[in-house]
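Okay, query_2.cif is below, mmCIF, N, CA and C atoms:
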data_input
#
loop_
_atom_site.label_atom_id
_atom_site.label_comp_id
_atom_site.auth_asym_id
_atom_site.auth_seq_id
_atom_site.Cartn_x
_atom_site.Cartn_y
_atom_site.Cartn_z
N MET A 31 0.84 -1.18 0.00
CA MET A 31 0.00 0.00 0.00
C MET A 31 0.89 1.24 0.00
N VAL A 32 0.63 2.15 -0.90
CA VAL A 32 1.41 3.38 -1.01
C VAL A 32 0.64 4.50 -0.31
N LEU A 33 1.28 5.12 0.66
CA LEU A 33 0.66 6.23 1.38
C LEU A 33 0.95 7.54 0.67
N PRO A 34 0.02 8.49 0.69
CA PRO A 34 0.19 9.73 -0.07
C PRO A 34 1.44 10.53 0.33
N MET A 35 1.73 10.62 1.62
CA MET A 35 2.87 11.43 2.02
C MET A 35 4.20 10.77 1.64
N SER A 36 4.27 9.45 1.70
CA SER A 36 5.51 8.79 1.27
C SER A 36 5.67 8.95 -0.24
N LEU A 37 4.57 8.95 -0.96
CA LEU A 37 4.61 9.18 -2.41
C LEU A 37 5.14 10.58 -2.71
N LEU A 38 4.65 11.58 -2.00
CA LEU A 38 5.12 12.95 -2.23
C LEU A 38 6.59 13.13 -1.85
N ARG A 39 7.00 12.54 -0.74
CA ARG A 39 8.41 12.65 -0.35
C ARG A 39 9.32 12.01 -1.40
N THR A 40 8.87 10.90 -1.97
CA THR A 40 9.66 10.23 -3.01
C THR A 40 9.67 11.06 -4.29
N ALA A 41 8.62 11.82 -4.52
CA ALA A 41 8.48 12.60 -5.76
C ALA A 41 9.30 13.89 -5.75
N GLN A 42 9.98 14.19 -4.65
CA GLN A 42 10.78 15.42 -4.62
C GLN A 42 11.85 15.38 -5.70
N ASN A 43 12.06 16.52 -6.32
CA ASN A 43 12.99 16.70 -7.45
C ASN A 43 12.56 15.92 -8.69
N GLN A 44 11.28 15.61 -8.79
CA GLN A 44 10.71 14.94 -9.95
C GLN A 44 9.65 15.86 -10.58
N PRO A 45 9.43 15.74 -11.90
CA PRO A 45 8.39 16.55 -12.53
C PRO A 45 7.00 16.08 -12.10
N MET A 46 6.07 17.01 -12.01
CA MET A 46 4.70 16.65 -11.66
C MET A 46 3.74 17.73 -12.17
N MET A 47 2.48 17.37 -12.22
CA MET A 47 1.44 18.31 -12.62
C MET A 47 0.39 18.35 -11.52
N VAL A 48 0.00 19.55 -11.11
CA VAL A 48 -0.97 19.74 -10.05
C VAL A 48 -2.16 20.50 -10.62
N GLU A 49 -3.36 19.96 -10.43
CA GLU A 49 -4.55 20.73 -10.80
C GLU A 49 -5.21 21.20 -9.51
N LEU A 50 -5.54 22.48 -9.49
CA LEU A 50 -6.18 23.07 -8.31
C LEU A 50 -7.69 22.99 -8.43
N LYS A 51 -8.36 23.21 -7.32
CA LYS A 51 -9.82 23.16 -7.30
C LYS A 51 -10.44 24.25 -8.20
N ASN A 52 -9.70 25.34 -8.42
CA ASN A 52 -10.23 26.40 -9.28
C ASN A 52 -9.99 26.13 -10.77
N GLY A 53 -9.33 25.01 -11.11
CA GLY A 53 -9.15 24.64 -12.51
C GLY A 53 -7.79 24.95 -13.09
N GLU A 54 -6.98 25.76 -12.42
CA GLU A 54 -5.64 26.06 -12.92
C GLU A 54 -4.74 24.84 -12.76
N THR A 55 -3.77 24.71 -13.68
CA THR A 55 -2.80 23.61 -13.55
C THR A 55 -1.40 24.18 -13.45
N TYR A 56 -0.57 23.52 -12.68
CA TYR A 56 0.83 23.90 -12.48
C TYR A 56 1.68 22.68 -12.81
N SER A 57 2.51 22.81 -13.84
CA SER A 57 3.42 21.72 -14.23
C SER A 57 4.83 22.18 -13.96
N GLY A 58 5.54 21.41 -13.12
CA GLY A 58 6.91 21.79 -12.78
C GLY A 58 7.58 20.69 -11.98
N VAL A 59 8.64 21.07 -11.28
CA VAL A 59 9.43 20.13 -10.48
C VAL A 59 9.11 20.36 -9.01
N LEU A 60 8.81 19.29 -8.29
CA LEU A 60 8.51 19.40 -6.87
C LEU A 60 9.82 19.61 -6.10
N ALA A 61 9.92 20.74 -5.42
CA ALA A 61 11.12 21.04 -4.63
C ALA A 61 10.99 20.45 -3.23
N SER A 62 9.82 20.63 -2.60
CA SER A 62 9.60 20.07 -1.26
C SER A 62 8.11 20.03 -0.96
N CYS A 63 7.79 19.31 0.12
CA CYS A 63 6.40 19.23 0.58
C CYS A 63 6.40 19.11 2.09
N ASP A 64 5.25 19.35 2.72
CA ASP A 64 5.15 19.20 4.16
C ASP A 64 3.96 18.33 4.53
N GLY A 65 3.71 18.20 5.81
CA GLY A 65 2.66 17.30 6.30
C GLY A 65 1.26 17.72 5.94
N PHE A 66 1.05 18.98 5.57
CA PHE A 66 -0.26 19.45 5.15
C PHE A 66 -0.45 19.35 3.64
N MET A 67 0.49 18.72 2.97
CA MET A 67 0.51 18.55 1.52
C MET A 67 0.70 19.88 0.78
N ASN A 68 1.28 20.86 1.48
CA ASN A 68 1.68 22.09 0.81
C ASN A 68 2.90 21.77 -0.04
N LEU A 69 2.95 22.32 -1.24
CA LEU A 69 4.01 22.01 -2.19
C LEU A 69 4.82 23.26 -2.53
N HIS A 70 6.12 23.10 -2.64
CA HIS A 70 6.99 24.14 -3.15
C HIS A 70 7.52 23.61 -4.47
N MET A 71 7.23 24.32 -5.58
CA MET A 71 7.61 23.84 -6.91
C MET A 71 8.53 24.84 -7.59
N ARG A 72 9.34 24.31 -8.56
CA ARG A 72 10.25 25.14 -9.35
C ARG A 72 9.98 24.93 -10.84
N ASP A 73 10.38 25.89 -11.64
CA ASP A 73 10.29 25.82 -13.11
C ASP A 73 8.88 25.42 -13.55
N ILE A 74 7.92 26.25 -13.24
CA ILE A 74 6.51 25.92 -13.46
C ILE A 74 5.97 26.60 -14.71
N VAL A 75 5.09 25.86 -15.37
CA VAL A 75 4.26 26.45 -16.41
C VAL A 75 2.84 26.39 -15.87
N CYS A 76 2.26 27.56 -15.65
CA CYS A 76 0.90 27.65 -15.12
C CYS A 76 -0.06 27.81 -16.30
N THR A 77 -1.13 27.03 -16.30
CA THR A 77 -2.14 27.09 -17.35
C THR A 77 -3.45 27.58 -16.74
N SER A 78 -4.09 28.51 -17.42
CA SER A 78 -5.36 29.04 -16.90
C SER A 78 -6.44 27.98 -16.94
N ARG A 79 -7.52 28.28 -16.28
CA ARG A 79 -8.65 27.34 -16.18
C ARG A 79 -9.20 26.96 -17.56
N ASP A 80 -9.28 27.93 -18.47
CA ASP A 80 -9.82 27.66 -19.82
C ASP A 80 -8.77 27.08 -20.77
N GLY A 81 -7.49 27.05 -20.35
CA GLY A 81 -6.43 26.46 -21.16
C GLY A 81 -5.91 27.36 -22.25
N GLU A 82 -6.29 28.65 -22.25
CA GLU A 82 -5.87 29.56 -23.32
C GLU A 82 -4.66 30.41 -22.94
N ARG A 83 -4.40 30.59 -21.64
CA ARG A 83 -3.27 31.43 -21.21
C ARG A 83 -2.26 30.59 -20.44
N PHE A 84 -0.96 30.95 -20.63
CA PHE A 84 0.13 30.23 -19.97
C PHE A 84 1.08 31.23 -19.35
N TRP A 85 1.65 30.86 -18.22
CA TRP A 85 2.65 31.69 -17.56
C TRP A 85 3.82 30.81 -17.15
N LYS A 86 5.04 31.33 -17.36
CA LYS A 86 6.23 30.62 -16.89
C LYS A 86 6.63 31.27 -15.57
N ILE A 87 6.71 30.43 -14.51
CA ILE A 87 6.99 30.93 -13.16
C ILE A 87 8.24 30.20 -12.65
N PRO A 88 9.23 30.93 -12.11
CA PRO A 88 10.44 30.26 -11.63
C PRO A 88 10.18 29.37 -10.40
N GLU A 89 9.34 29.82 -9.46
CA GLU A 89 8.97 28.99 -8.32
C GLU A 89 7.65 29.44 -7.74
N CYS A 90 6.97 28.51 -7.06
CA CYS A 90 5.70 28.87 -6.44
C CYS A 90 5.40 27.94 -5.27
N TYR A 91 4.44 28.33 -4.46
CA TYR A 91 4.00 27.58 -3.30
C TYR A 91 2.53 27.28 -3.49
N VAL A 92 2.15 26.01 -3.37
CA VAL A 92 0.75 25.61 -3.55
C VAL A 92 0.23 25.11 -2.20
N ARG A 93 -0.83 25.72 -1.74
CA ARG A 93 -1.42 25.30 -0.47
C ARG A 93 -2.13 23.95 -0.65
N GLY A 94 -1.91 23.04 0.28
CA GLY A 94 -2.40 21.67 0.15
C GLY A 94 -3.90 21.54 0.01
N ASN A 95 -4.69 22.38 0.72
CA ASN A 95 -6.14 22.19 0.67
C ASN A 95 -6.77 22.74 -0.61
N SER A 96 -5.97 23.35 -1.49
CA SER A 96 -6.51 23.83 -2.77
C SER A 96 -6.23 22.85 -3.91
N ILE A 97 -5.57 21.73 -3.62
CA ILE A 97 -5.20 20.75 -4.65
C ILE A 97 -6.38 19.82 -4.95
N LYS A 98 -6.70 19.68 -6.24
CA LYS A 98 -7.72 18.72 -6.65
C LYS A 98 -7.06 17.36 -6.89
N TYR A 99 -6.00 17.33 -7.70
CA TYR A 99 -5.25 16.09 -7.91
C TYR A 99 -3.84 16.37 -8.37
N LEU A 100 -3.02 15.33 -8.31
CA LEU A 100 -1.62 15.39 -8.74
C LEU A 100 -1.38 14.33 -9.79
N ARG A 101 -0.53 14.63 -10.76
CA ARG A 101 -0.09 13.62 -11.73
C ARG A 101 1.42 13.47 -11.60
N LEU A 102 1.84 12.23 -11.41
CA LEU A 102 3.26 11.92 -11.24
C LEU A 102 3.70 10.90 -12.28
N PRO A 103 4.98 10.87 -12.62
CA PRO A 103 5.47 9.83 -13.53
C PRO A 103 5.36 8.45 -12.88
N ASP A 104 5.19 7.43 -13.69
CA ASP A 104 5.08 6.06 -13.19
C ASP A 104 6.34 5.63 -12.44
N GLU A 105 7.49 6.17 -12.84
CA GLU A 105 8.75 5.80 -12.18
C GLU A 105 8.73 6.14 -10.70
N VAL A 106 8.05 7.25 -10.35
CA VAL A 106 7.98 7.66 -8.94
C VAL A 106 7.21 6.62 -8.14
N ILE A 107 6.13 6.12 -8.69
CA ILE A 107 5.32 5.12 -8.00
C ILE A 107 6.14 3.84 -7.81
N ASP A 108 6.92 3.48 -8.84
CA ASP A 108 7.78 2.30 -8.72
C ASP A 108 8.85 2.51 -7.66
N MET A 109 9.37 3.74 -7.54
CA MET A 109 10.38 4.03 -6.53
C MET A 109 9.80 3.87 -5.13
N VAL A 110 8.56 4.25 -4.93
CA VAL A 110 7.92 4.13 -3.62
C VAL A 110 7.73 2.66 -3.27
N LYS A 111 7.35 1.84 -4.24
CA LYS A 111 7.14 0.41 -3.99
C LYS A 111 8.44 -0.27 -3.61
N ASP A 112 9.57 0.23 -4.13
CA ASP A 112 10.88 -0.35 -3.83
C ASP A 112 11.38 0.07 -2.45
N GLU A 113 10.74 1.07 -1.83
CA GLU A 113 11.16 1.52 -0.51
C GLU A 113 11.03 0.38 0.47
N PRO A 114 12.10 0.04 1.18
CA PRO A 114 12.09 -1.17 2.00
C PRO A 114 11.19 -1.10 3.23
N GLN A 115 11.02 0.06 3.83
CA GLN A 115 10.35 0.10 5.12
C GLN A 115 8.98 0.75 5.03
N SER A 116 7.98 -0.02 5.37
CA SER A 116 6.64 0.52 5.53
C SER A 116 6.44 0.81 7.00
N ARG A 117 5.35 1.43 7.34
CA ARG A 117 5.05 1.72 8.74
C ARG A 117 4.97 0.44 9.57
N LYS A 118 4.37 -0.59 8.98
CA LYS A 118 4.21 -1.86 9.69
C LYS A 118 5.57 -2.45 10.03
N GLU A 119 6.52 -2.41 9.08
CA GLU A 119 7.85 -2.96 9.33
C GLU A 119 8.57 -2.16 10.40
N ILE A 120 8.43 -0.84 10.37
CA ILE A 120 9.07 0.01 11.37
C ILE A 120 8.50 -0.30 12.75
N ARG A 121 7.18 -0.45 12.84
CA ARG A 121 6.52 -0.76 14.10
C ARG A 121 7.01 -2.09 14.67
N GLN A 122 7.18 -3.09 13.80
CA GLN A 122 7.64 -4.39 14.26
C GLN A 122 9.08 -4.34 14.77
N GLN A 123 9.90 -3.47 14.19
CA GLN A 123 11.27 -3.34 14.67
C GLN A 123 11.30 -2.82 16.10
N PHE A 124 10.42 -1.86 16.41
CA PHE A 124 10.43 -1.24 17.73
C PHE A 124 9.70 -2.08 18.76
N LYS A 125 8.86 -3.03 18.36
CA LYS A 125 8.15 -3.87 19.32
C LYS A 125 9.11 -4.74 20.11
N ALA A 126 10.22 -5.13 19.52
CA ALA A 126 11.16 -6.02 20.17
C ALA A 126 11.85 -5.32 21.34
N ARG A 127 11.97 -4.03 21.29
CA ARG A 127 12.65 -3.28 22.34
C ARG A 127 11.71 -3.01 23.50
N GLY A 128 12.30 -2.68 24.64
CA GLY A 128 11.50 -2.27 25.79
C GLY A 128 10.98 -0.86 25.59
N ARG A 129 10.05 -0.48 26.41
CA ARG A 129 9.50 0.86 26.28
C ARG A 129 9.89 1.70 27.49
N GLY A 130 10.37 2.87 27.26
CA GLY A 130 10.63 3.80 28.34
C GLY A 130 11.81 3.41 29.22
N ARG A 131 11.78 3.93 30.43
CA ARG A 131 12.87 3.71 31.37
C ARG A 131 12.69 2.40 32.13
N GLY A 132 13.70 2.04 32.87
CA GLY A 132 13.59 0.89 33.74
C GLY A 132 14.15 -0.36 33.11
N LYS A 133 14.05 -1.45 33.89
CA LYS A 133 14.61 -2.71 33.45
C LYS A 133 13.53 -3.73 33.15
N GLY A 134 12.33 -3.31 32.97
CA GLY A 134 11.26 -4.24 32.66
C GLY A 134 10.71 -4.94 33.88
N GLU A 135 10.86 -4.37 35.08
CA GLU A 135 10.39 -5.01 36.30
C GLU A 135 8.99 -4.57 36.69
N GLY A 136 8.30 -3.93 35.85
CA GLY A 136 6.95 -3.50 36.19
C GLY A 136 6.87 -2.00 36.35
N ARG A 137 5.86 -1.56 37.06
CA ARG A 137 5.61 -0.13 37.19
C ARG A 137 5.79 0.36 38.62
N GLY A 138 6.76 -0.14 39.32
CA GLY A 138 7.02 0.34 40.67
C GLY A 138 6.27 -0.49 41.70
N ARG A 139 6.34 -0.07 42.96
CA ARG A 139 5.75 -0.85 44.05
C ARG A 139 4.25 -0.74 44.08
N GLY A 140 3.73 0.42 43.81
CA GLY A 140 2.29 0.59 43.88
C GLY A 140 1.79 0.52 45.31
N ARG A 141 0.51 0.24 45.53
CA ARG A 141 -0.07 0.20 46.88
C ARG A 141 -0.35 -1.22 47.35
N GLY A 142 -0.17 -2.19 46.49
CA GLY A 142 -0.52 -3.56 46.84
C GLY A 142 0.37 -4.20 47.87
N GLY A 143 1.54 -3.66 48.09
CA GLY A 143 2.41 -4.21 49.10
C GLY A 143 3.46 -5.15 48.54
N GLN A 144 3.28 -5.68 47.36
CA GLN A 144 4.28 -6.57 46.78
C GLN A 144 5.30 -5.75 46.03
N SER A 145 6.56 -6.16 46.14
CA SER A 145 7.61 -5.44 45.43
C SER A 145 7.66 -5.91 43.99
N ALA A 146 8.42 -5.19 43.17
CA ALA A 146 8.40 -5.41 41.73
C ALA A 146 9.20 -6.62 41.27
N GLY A 147 10.42 -6.77 41.72
CA GLY A 147 11.31 -7.79 41.15
C GLY A 147 11.11 -9.17 41.76
N PRO A 148 11.44 -10.24 41.01
CA PRO A 148 11.26 -11.60 41.52
C PRO A 148 12.15 -11.90 42.71
N GLU A 149 13.35 -11.30 42.77
CA GLU A 149 14.24 -11.58 43.88
C GLU A 149 13.72 -10.96 45.17
N LYS A 150 12.86 -9.98 45.09
CA LYS A 150 12.33 -9.32 46.27
C LYS A 150 11.08 -10.03 46.78
N ARG A 151 10.46 -10.86 45.99
CA ARG A 151 9.23 -11.53 46.37
C ARG A 151 9.49 -12.70 47.33
N ALA A 152 10.69 -13.18 47.37
CA ALA A 152 10.99 -14.35 48.19
C ALA A 152 10.69 -14.11 49.66
N GLY A 153 10.85 -12.89 50.17
CA GLY A 153 10.59 -12.58 51.56
C GLY A 153 9.10 -12.55 51.88
N GLY A 154 8.26 -12.59 50.88
CA GLY A 154 6.82 -12.56 51.07
C GLY A 154 6.31 -11.16 51.29
N GLY A 155 5.20 -10.84 50.71
CA GLY A 155 4.50 -9.57 50.92
C GLY A 155 5.39 -8.36 50.76
N GLY A 156 4.83 -7.20 50.98
CA GLY A 156 5.59 -5.97 50.87
C GLY A 156 5.90 -5.41 52.23
N ASP A 157 5.53 -6.11 53.32
CA ASP A 157 5.80 -5.62 54.65
C ASP A 157 7.28 -5.69 54.93
N LYS A 158 7.79 -4.66 55.56
CA LYS A 158 9.21 -4.64 55.89
C LYS A 158 9.42 -5.45 57.16
N ALA A 159 10.54 -6.13 57.27
CA ALA A 159 10.84 -6.94 58.45
C ALA A 159 10.96 -6.04 59.66
N GLY A 160 10.41 -6.48 60.79
CA GLY A 160 10.51 -5.73 62.03
C GLY A 160 9.37 -4.75 62.26
N LYS A 161 8.56 -4.46 61.26
CA LYS A 161 7.43 -3.56 61.41
C LYS A 161 6.14 -4.34 61.33
N LYS A 162 5.19 -3.92 62.14
CA LYS A 162 3.89 -4.57 62.10
C LYS A 162 3.05 -3.97 60.99
N ALA A 163 2.20 -4.79 60.42
CA ALA A 163 1.28 -4.28 59.40
C ALA A 163 0.19 -3.48 60.11
N ARG A 164 -0.22 -2.39 59.53
CA ARG A 164 -1.29 -1.58 60.10
C ARG A 164 -2.62 -2.27 59.94
N PRO A 165 -3.48 -2.15 60.95
CA PRO A 165 -4.81 -2.81 60.86
C PRO A 165 -5.72 -2.20 59.85
#
Before anything else, please render the file you have as structure tokens.
Amino acid sequence: MVLPMSLLRTAQNQPMMVELKNGETYSGVLASCDGFMNLHMRDIVCTSRDGERFWKIPECYVRGNSIKYLRLPDEVIDMVKDEPQSRKEIRQQFKARGRGRGKGEGRGRGRGGQSAGPEKRAGGGGDKAGKKARP
């Protein structure tokens, strides 16, 4: 499964065509993108909504929520499929490790009276030697 943001990150420095919701098209090279799908493009040819007027623009910024669709070369899609790590694979790598601080002995003593580690359980209960338990 190809995710949209991984596709855009792979498409950086590649030619693409963007059509906006207002009908204008921008054909150029994707310089960068961010998490909101905002695009920074270079060497653009902007086409008007009716297709009769053209403008050559050295660079522009396209706000993500105004994009209707993107057209990318097939090679970019193939490059994304070749990417070795998906989110699932990354998640599985980190599952093997422990989480947070500590040595994996639990979450502290708590109120139950039993201590956390197995070597401390041998004495029985959480009561300290020499002290009486409160009624």
> A:Glu54, A:Asp73, A:Asp64, A:Glu89: which is nearest Arg39 (chain A), counting only C-alpha atoms?
Replying inline: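 When distances to Arg39 (chain A) are compared using only C-alpha atoms, the smallest one comes from A:Asp64.
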> Pick the closest to Lys51 (chain A) from A:Leu33, A:Val106, A:Ile97, A:Val75: which is it, counting only N, CA and C atoms?
Replying inline: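 Using only N, CA and C atoms, the shortest distance to Lys51 (chain A) belongs to A:Ile97.
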> Taking into account all atoms listed in the file, which residue in the set A:Gln42, A:Gly94, A:Ile87, A:Ser78 is nearest to Phe66 (chain A)?
Replying inline: A:Gly94
> In Å to one decimal, how far is CA of Arg72 (chain A) from CA of Phe84 (chain A)?
Replying inline: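 Computing it gives 15.5 Å between the two atoms.
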> Do you have the CA of Gly81 (chain A)-atom C of Asn68 (chain A) distance handy?
Replying inline: 23.6 Å
Among the residues of region 44-126 of chain A, find those DSSP assigns to alpha helix (DSSP H) from the backbone and print them as a compact mmCIF listing (two decimals) with N, CA and C atoms, in the frame of the given file.
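Writing done, so here's states_28.txt:
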# COMPACT_ATOMS: atom_id res chain seq x y z
N ASP A 104 5.19 7.43 -13.69
CA ASP A 104 5.08 6.06 -13.19
C ASP A 104 6.34 5.63 -12.44
N GLU A 105 7.49 6.17 -12.84
CA GLU A 105 8.75 5.80 -12.18
C GLU A 105 8.73 6.14 -10.70
N VAL A 106 8.05 7.25 -10.35
CA VAL A 106 7.98 7.66 -8.94
C VAL A 106 7.21 6.62 -8.14
N ILE A 107 6.13 6.12 -8.69
CA ILE A 107 5.32 5.12 -8.00
C ILE A 107 6.14 3.84 -7.81
N ASP A 108 6.92 3.48 -8.84
CA ASP A 108 7.78 2.30 -8.72
C ASP A 108 8.85 2.51 -7.66
N MET A 109 9.37 3.74 -7.54
CA MET A 109 10.38 4.03 -6.53
C MET A 109 9.80 3.87 -5.13
N VAL A 110 8.56 4.25 -4.93
CA VAL A 110 7.92 4.13 -3.62
C VAL A 110 7.73 2.66 -3.27
N LYS A 111 7.35 1.84 -4.24
CA LYS A 111 7.14 0.41 -3.99
C LYS A 111 8.44 -0.27 -3.61
N ASP A 112 9.57 0.23 -4.13
CA ASP A 112 10.88 -0.35 -3.83
C ASP A 112 11.38 0.07 -2.45
N ARG A 117 5.35 1.43 7.34
CA ARG A 117 5.05 1.72 8.74
C ARG A 117 4.97 0.44 9.57
N LYS A 118 4.37 -0.59 8.98
CA LYS A 118 4.21 -1.86 9.69
C LYS A 118 5.57 -2.45 10.03
N GLU A 119 6.52 -2.41 9.08
CA GLU A 119 7.85 -2.96 9.33
C GLU A 119 8.57 -2.16 10.40
N ILE A 120 8.43 -0.84 10.37
CA ILE A 120 9.07 0.01 11.37
C ILE A 120 8.50 -0.30 12.75
N ARG A 121 7.18 -0.45 12.84
CA ARG A 121 6.52 -0.76 14.10
C ARG A 121 7.01 -2.09 14.67
N GLN A 122 7.18 -3.09 13.80
CA GLN A 122 7.64 -4.39 14.26
C GLN A 122 9.08 -4.34 14.77
N GLN A 123 9.90 -3.47 14.19
CA GLN A 123 11.27 -3.34 14.67
C GLN A 123 11.30 -2.82 16.10
N PHE A 124 10.42 -1.86 16.41
CA PHE A 124 10.43 -1.24 17.73
C PHE A 124 9.70 -2.08 18.76
N LYS A 125 8.86 -3.03 18.36
CA LYS A 125 8.15 -3.87 19.32
C LYS A 125 9.11 -4.74 20.11
> Expressed in Å to a single decimal, how great is the separation between atom N of Asn43 (chain A) and atom C of Met67 (chain A)?
Replying inline: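 Between atom N of Asn43 (chain A) and atom C of Met67 (chain A) the gap is 13.8 Å.
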>> Let me make sure I understand: among A:Pro34, A:Gly53, A:Gly58, A:Gly65, which one has the smallest atom-to-atom distance to Arg79 (chain A) if we use only N, CA and C atoms?
In response: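 The shortest atom-to-atom distance to Arg79 (chain A) comes from A:Gly53.
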>> Counting all atoms listed in the file, which residue out of A:Leu38, A:Leu50, A:His70, A:Ser57 sits closest to Cys90 (chain A)?
In response: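 Of all the options, A:His70 lies closest to Cys90 (chain A).
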> Any chance you could work out the residue set of the PyMOL selection byres ((chain A and resi 101) around 7) here, as a PyMOL selection string?
Replying inline: chain A and resi 45-49+99-100+102-103
Given 8 Å on each side, where is the centre and what are the edge lengths in Å to one decimal of the axis-aligned box enclosing the listed atoms of region 49-59 of chain A, as lines of an AutoDock Vina configuration file?
center_x = -0.5
center_y = 23.2
center_z = -10.8
size_x = 35.9
size_y = 22.4
size_z = 22.9
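Minimum atom-to-atom distances from A:Lys111, A:Ala61, A:Trp85, A:Asn95 to Gln44 (chain A) were compared using only N, CA and C atoms, and the lowest value belongs to A:Ala61.
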